[in-house]
Every structure is written in C-alpha cells, then in structure tokens.
Amino acid sequence: MDKEHVETREEQACQAFLETVGQDLKAFGSAINMGEIEAAARLILRAEEEGNRVHISGIGKPAHLAGYLASLLSSTGTPAYFLHGTEAVHGSCGQTRPGDVVIFISNSGETAEMRSTILAVKDNGCRVIGVSGNRDSWLARESDVHLYAGVPAEGGPLNRAPRMSVLAETLVLQTLSVYLQAHKDITPRQYVKWHPGGALGRLRENEQ
C-alpha cells in the first residue's frame, strides 16, 4: 500500500502561487478599465492614420514582454517595433519619428533608467502609453494614456520576483491587441497572409 503523500516545500510553494494566480488574476481581468483601453487604441489609431508607428519598450523582465507584444500586435494588424529600454538613450531613439507612439512597460513606473528613456522619446516627439502597477507613478503622470496593471502580490517565495505583475501587464496589453484587431476587422485570409507558416498558416480554404 502506498504511503500517504506528504506535500513537499516546493509543492506547497507552487500550490500557493497557483492559488494566487487563480484569485488575483481573475479579479484583475474583471476590473480592466475599458476606458483606458479605448483611449490607448485611439492614440494608436490616430498615429497610424497620420503615417506614424508603434514601438514597445521596457527594462528587465518587461523588455522580454515588450518583444512578445510587438510580435503579437504586428501579427494582428498593428505593426509594432521593439525599442530597447536602455539603448534608446544611446541612439535607438533614431528608430522613432515625431508622432510615433511608444508603449512603455514598468511595474513600479519609477526607475531611473525608465525615466531617461521616457524623457528621450518625448523629446523626439513621441506620445507615450504607460503600463504600470501604480496609478500615481512617475510613468503614469508622464504618459498621454496610462494602462493600470496592478496586482496585490507577486506570489512565489519571497513575493518579490516579477510573476503576477508580468501576467497582469500581459493581460492588459493582450486586451488592447484584441480591441485593435476587432476594430480593424482582420479577416482569416489577412491573418494567414501574415502568418503563412506552421499550423496557423494551414487554415482550410473555407475558413479564409
């Protein structure tokens, strides 16, 4: 007969984290401010109408998220470009033009490196959509539109490594991507044309 399983410290930590995700992320998702999403979308759509572009940036973990979101937006009808969060002040602002939109992701919205980049892109004539977990942050105040992505806890050992905050930032920006895709009424045929490889590129003709 098998002995009764006793949860290890590692299993307990994982279970506690998953419970945090289930509770806090669901609450966050139901509280996303659609007014903020619409304002961000309007800023982007206006820039596109004027021939301008979208860039997404962040420092640290949010930089990895910025790369994913640039790819997601591009694949769903809103061409977007990754802007390195620190290289921006060392020449990469040259990829921007006056009237472009820069989406900047920062949980605290307060870091010194981020401030330098935001000031640089604004000095180059860009509009800013800030994404942070603090409505009263420096980033929120300096942004043309602020998207709130705050959660009560990160979860996991020490409750410090960015876990829940990254999930919240991802969710709010994915919601923005859905809004933009729906507004542009992207068809399956258009989507396949942009994504001809892999399983997504093998839609049946009657699905296009």
# chains A, B, ... in the order shown; residues from 1 in each chain; ligands from 1
$ residues_around --residues "Gly22 (chain A)" --least-positions-apart "6" --cutoff "12 Å" --atoms "only C-alpha atoms" --output "ChimeraX atom specification"
/A:15-16,28-29,155,164,167
$ closest_atom_pairs --of "region 147-190 of chain A" --to "region 43-53 of chain A" --cutoff "10 Å" --atoms "only C-alpha atoms" --output "tab-separated table"
residue	atom	partner	partner_atom	distance
A:Leu180	CA	A:Leu45	CA	8.3
A:His183	CA	A:Leu45	CA	9.6
A:Lys184	CA	A:Leu45	CA	9.7
$ select_by_dssp --residues "region 4-80 of chain A" --states "strand (DSSP E)" --output "list in words"
Val54, His55, Ile56, Ser57, Gly58 and Ala80 of chain A
$ atom_distance --atom1 "CA of Cys14 (chain A)" --atom2 "CA of Gln174 (chain A)"
25.3 Å
$ closest_atom_pairs --of "region 137-190 of chain A" --to "region 70-82 of chain A" --cutoff "7 Å" --atoms "only C-alpha atoms" --output "Markdown table"
| residue | atom | partner | partner_atom | distance |
| --- | --- | --- | --- | --- |
| A:Ser177 | CA | A:Leu73 | CA | 5.9 |
| A:Gln181 | CA | A:Thr76 | CA | 5.7 |
| A:Ile186 | CA | A:Gly77 | CA | 6.8 |
$ select_by_dssp --residues "region 98-170 of chain A" --states "helix (DSSP H, G or I)" --output "JSON, numbers by chain"
{"A": [112, 113, 114, 115, 116, 117, 118, 119, 120, 121, 122, 123, 138, 139, 140, 141, 142, 157, 158, 159, 164, 165, 166, 167, 168, 169, 170]}
$ closest_residue --among "A:Met114, A:Val192, A:Ala140, A:Ala199" --to "Ile59 (chain A)" --atoms "only C-alpha atoms"
A:Met114
$ closest_atom_pairs --of "region 68-113 of chain A" --to "region 121-134 of chain A" --cutoff "9 Å" --atoms "only C-alpha atoms" --output "CSV"
residue,atom,partner,partner_atom,distance
A:Ala88,CA,A:Val121,CA,7.9
A:Val89,CA,A:Val121,CA,8.6
A:Cys93,CA,A:Val121,CA,6.4
A:Gly94,CA,A:Asn124,CA,8.7
A:Thr96,CA,A:Asn124,CA,7.4
A:Arg97,CA,A:Asn124,CA,6.8
A:Pro98,CA,A:Gly125,CA,4.1
A:Gly99,CA,A:Cys126,CA,5.2
A:Asp100,CA,A:Cys126,CA,4.9
A:Val101,CA,A:Arg127,CA,4.8
A:Val102,CA,A:Val128,CA,5.0
A:Ile103,CA,A:Ile129,CA,4.6
A:Phe104,CA,A:Gly130,CA,5.0
A:Ile105,CA,A:Val131,CA,4.7
A:Ser106,CA,A:Ser132,CA,5.1
A:Asn107,CA,A:Ser132,CA,4.5
A:Ser108,CA,A:Gly133,CA,6.1
A:Gly109,CA,A:Ser132,CA,5.6
$ write_last_selection --atoms "N, CA, C and O atoms" --output "PDB file, in the first residue's frame"
ATOM      1  N   ALA A  88      17.733  53.072 -26.023  1.00  0.00           N
ATOM      2  CA  ALA A  88      17.008  54.223 -26.568  1.00  0.00           C
ATOM      3  C   ALA A  88      17.762  55.525 -26.332  1.00  0.00           C
ATOM      4  O   ALA A  88      17.716  56.434 -27.166  1.00  0.00           O
ATOM      5  N   VAL A  89      18.464  55.616 -25.200  1.00  0.00           N
ATOM      6  CA  VAL A  89      19.199  56.858 -24.899  1.00  0.00           C
ATOM      7  C   VAL A  89      20.620  56.815 -25.449  1.00  0.00           C
ATOM      8  O   VAL A  89      21.416  57.721 -25.195  1.00  0.00           O
ATOM      9  N   CYS A  93      16.733  55.795 -30.185  1.00  0.00           N
ATOM     10  CA  CYS A  93      15.610  56.712 -30.421  1.00  0.00           C
ATOM     11  C   CYS A  93      15.534  57.096 -31.897  1.00  0.00           C
ATOM     12  O   CYS A  93      14.518  57.622 -32.351  1.00  0.00           O
ATOM     13  N   GLY A  94      16.613  56.792 -32.633  1.00  0.00           N
ATOM     14  CA  GLY A  94      16.604  57.074 -34.063  1.00  0.00           C
ATOM     15  C   GLY A  94      15.593  56.246 -34.826  1.00  0.00           C
ATOM     16  O   GLY A  94      15.276  56.578 -35.968  1.00  0.00           O
ATOM     17  N   THR A  96      12.539  56.077 -33.952  1.00  0.00           N
ATOM     18  CA  THR A  96      11.263  56.765 -33.765  1.00  0.00           C
ATOM     19  C   THR A  96      11.208  58.028 -34.612  1.00  0.00           C
ATOM     20  O   THR A  96      12.234  58.573 -35.016  1.00  0.00           O
ATOM     21  N   ARG A  97       9.986  58.475 -34.838  1.00  0.00           N
ATOM     22  CA  ARG A  97       9.740  59.719 -35.549  1.00  0.00           C
ATOM     23  C   ARG A  97       8.685  60.524 -34.783  1.00  0.00           C
ATOM     24  O   ARG A  97       7.854  59.929 -34.079  1.00  0.00           O
ATOM     25  N   PRO A  98       8.694  61.847 -34.913  1.00  0.00           N
ATOM     26  CA  PRO A  98       7.658  62.643 -34.242  1.00  0.00           C
ATOM     27  C   PRO A  98       6.266  62.148 -34.620  1.00  0.00           C
ATOM     28  O   PRO A  98       5.979  61.917 -35.793  1.00  0.00           O
ATOM     29  N   GLY A  99       5.439  61.948 -33.615  1.00  0.00           N
ATOM     30  CA  GLY A  99       4.092  61.445 -33.848  1.00  0.00           C
ATOM     31  C   GLY A  99       3.953  59.960 -33.604  1.00  0.00           C
ATOM     32  O   GLY A  99       2.831  59.440 -33.548  1.00  0.00           O
ATOM     33  N   ASP A 100       5.075  59.233 -33.462  1.00  0.00           N
ATOM     34  CA  ASP A 100       5.012  57.815 -33.128  1.00  0.00           C
ATOM     35  C   ASP A 100       4.478  57.626 -31.709  1.00  0.00           C
ATOM     36  O   ASP A 100       4.496  58.556 -30.888  1.00  0.00           O
ATOM     37  N   VAL A 101       4.024  56.410 -31.419  1.00  0.00           N
ATOM     38  CA  VAL A 101       3.549  56.051 -30.081  1.00  0.00           C
ATOM     39  C   VAL A 101       4.519  55.044 -29.469  1.00  0.00           C
ATOM     40  O   VAL A 101       4.876  54.056 -30.124  1.00  0.00           O
ATOM     41  N   VAL A 102       4.937  55.292 -28.238  1.00  0.00           N
ATOM     42  CA  VAL A 102       5.789  54.350 -27.509  1.00  0.00           C
ATOM     43  C   VAL A 102       4.993  53.804 -26.327  1.00  0.00           C
ATOM     44  O   VAL A 102       4.521  54.575 -25.486  1.00  0.00           O
ATOM     45  N   ILE A 103       4.823  52.487 -26.288  1.00  0.00           N
ATOM     46  CA  ILE A 103       4.212  51.818 -25.140  1.00  0.00           C
ATOM     47  C   ILE A 103       5.355  51.383 -24.229  1.00  0.00           C
ATOM     48  O   ILE A 103       6.230  50.632 -24.643  1.00  0.00           O
ATOM     49  N   PHE A 104       5.360  51.874 -22.998  1.00  0.00           N
ATOM     50  CA  PHE A 104       6.444  51.524 -22.067  1.00  0.00           C
ATOM     51  C   PHE A 104       5.869  50.773 -20.874  1.00  0.00           C
ATOM     52  O   PHE A 104       4.922  51.223 -20.239  1.00  0.00           O
ATOM     53  N   ILE A 105       6.483  49.608 -20.572  1.00  0.00           N
ATOM     54  CA  ILE A 105       6.003  48.735 -19.503  1.00  0.00           C
ATOM     55  C   ILE A 105       6.951  48.805 -18.318  1.00  0.00           C
ATOM     56  O   ILE A 105       8.151  48.594 -18.463  1.00  0.00           O
ATOM     57  N   SER A 106       6.417  49.115 -17.139  1.00  0.00           N
ATOM     58  CA  SER A 106       7.234  49.154 -15.918  1.00  0.00           C
ATOM     59  C   SER A 106       6.317  48.946 -14.726  1.00  0.00           C
ATOM     60  O   SER A 106       5.392  49.731 -14.519  1.00  0.00           O
ATOM     61  N   ASN A 107       6.569  47.925 -13.937  1.00  0.00           N
ATOM     62  CA  ASN A 107       5.687  47.643 -12.814  1.00  0.00           C
ATOM     63  C   ASN A 107       5.628  48.814 -11.836  1.00  0.00           C
ATOM     64  O   ASN A 107       4.559  49.274 -11.459  1.00  0.00           O
ATOM     65  N   SER A 108       6.782  49.314 -11.426  1.00  0.00           N
ATOM     66  CA  SER A 108       6.803  50.422 -10.463  1.00  0.00           C
ATOM     67  C   SER A 108       6.515  51.758 -11.119  1.00  0.00           C
ATOM     68  O   SER A 108       5.924  52.650 -10.517  1.00  0.00           O
ATOM     69  N   GLY A 109       6.955  51.905 -12.362  1.00  0.00           N
ATOM     70  CA  GLY A 109       6.806  53.195 -13.036  1.00  0.00           C
ATOM     71  C   GLY A 109       7.695  54.265 -12.465  1.00  0.00           C
ATOM     72  O   GLY A 109       7.434  55.461 -12.650  1.00  0.00           O
TER      73      GLY A 109
END
$ closest_residue --among "A:Ala153, A:Lys61, A:Asp185, A:Val172" --to "Ser30 (chain A)" --atoms "only C-alpha atoms"
A:Val172
$ atom_distance --atom1 "CA of Ser57 (chain A)" --atom2 "CA of Trp194 (chain A)"
23.0 Å
$ residues_around --residues "Ala31 (chain A)" --least-positions-apart "5" --cutoff "12 Å" --atoms "only C-alpha atoms" --output "PyMOL selection string"
chain A and resi 24-26+36-37+147-151+168+171-172
$ closest_residue --among "A:Gln12, A:Gly91, A:Ala41, A:Thr20" --to "His146 (chain A)" --atoms "only C-alpha atoms"
A:Ala41
$ residues_around --residues "His90 (chain A)" --least-positions-apart "5" --cutoff "12 Å" --atoms "only C-alpha atoms" --output "PDB file with N, CA and C atoms, in the first residue's frame"
ATOM      1  N   LEU A  83      11.550  48.507 -28.951  1.00  0.00           N
ATOM      2  CA  LEU A  83      12.508  49.576 -28.671  1.00  0.00           C
ATOM      3  C   LEU A  83      13.252  49.216 -27.398  1.00  0.00           C
ATOM      4  N   HIS A  84      14.558  49.040 -27.485  1.00  0.00           N
ATOM      5  CA  HIS A  84      15.354  48.646 -26.324  1.00  0.00           C
ATOM      6  C   HIS A  84      15.262  49.713 -25.241  1.00  0.00           C
ATOM      7  N   GLY A  85      14.958  49.281 -24.027  1.00  0.00           N
ATOM      8  CA  GLY A  85      14.674  50.221 -22.949  1.00  0.00           C
ATOM      9  C   GLY A  85      15.820  51.106 -22.530  1.00  0.00           C
ATOM     10  N   GLN A  95      15.060  55.171 -34.211  1.00  0.00           N
ATOM     11  CA  GLN A  95      14.025  54.389 -34.898  1.00  0.00           C
ATOM     12  C   GLN A  95      12.653  55.043 -34.773  1.00  0.00           C
ATOM     13  N   GLU A 113      16.308  54.429 -15.042  1.00  0.00           N
ATOM     14  CA  GLU A 113      16.564  54.124 -16.451  1.00  0.00           C
ATOM     15  C   GLU A 113      15.329  54.399 -17.299  1.00  0.00           C
ATOM     16  N   SER A 116      14.781  58.141 -17.988  1.00  0.00           N
ATOM     17  CA  SER A 116      15.651  58.659 -19.044  1.00  0.00           C
ATOM     18  C   SER A 116      15.088  58.334 -20.423  1.00  0.00           C
ATOM     19  N   THR A 117      14.594  57.108 -20.590  1.00  0.00           N
ATOM     20  CA  THR A 117      14.050  56.698 -21.886  1.00  0.00           C
ATOM     21  C   THR A 117      12.767  57.447 -22.215  1.00  0.00           C
ATOM     22  N   ALA A 120      13.532  60.881 -23.253  1.00  0.00           N
ATOM     23  CA  ALA A 120      14.156  60.896 -24.575  1.00  0.00           C
ATOM     24  C   ALA A 120      13.136  60.729 -25.692  1.00  0.00           C
ATOM     25  N   VAL A 121      12.209  59.777 -25.549  1.00  0.00           N
ATOM     26  CA  VAL A 121      11.238  59.567 -26.635  1.00  0.00           C
ATOM     27  C   VAL A 121      10.272  60.742 -26.728  1.00  0.00           C
TER      28      VAL A 121
END
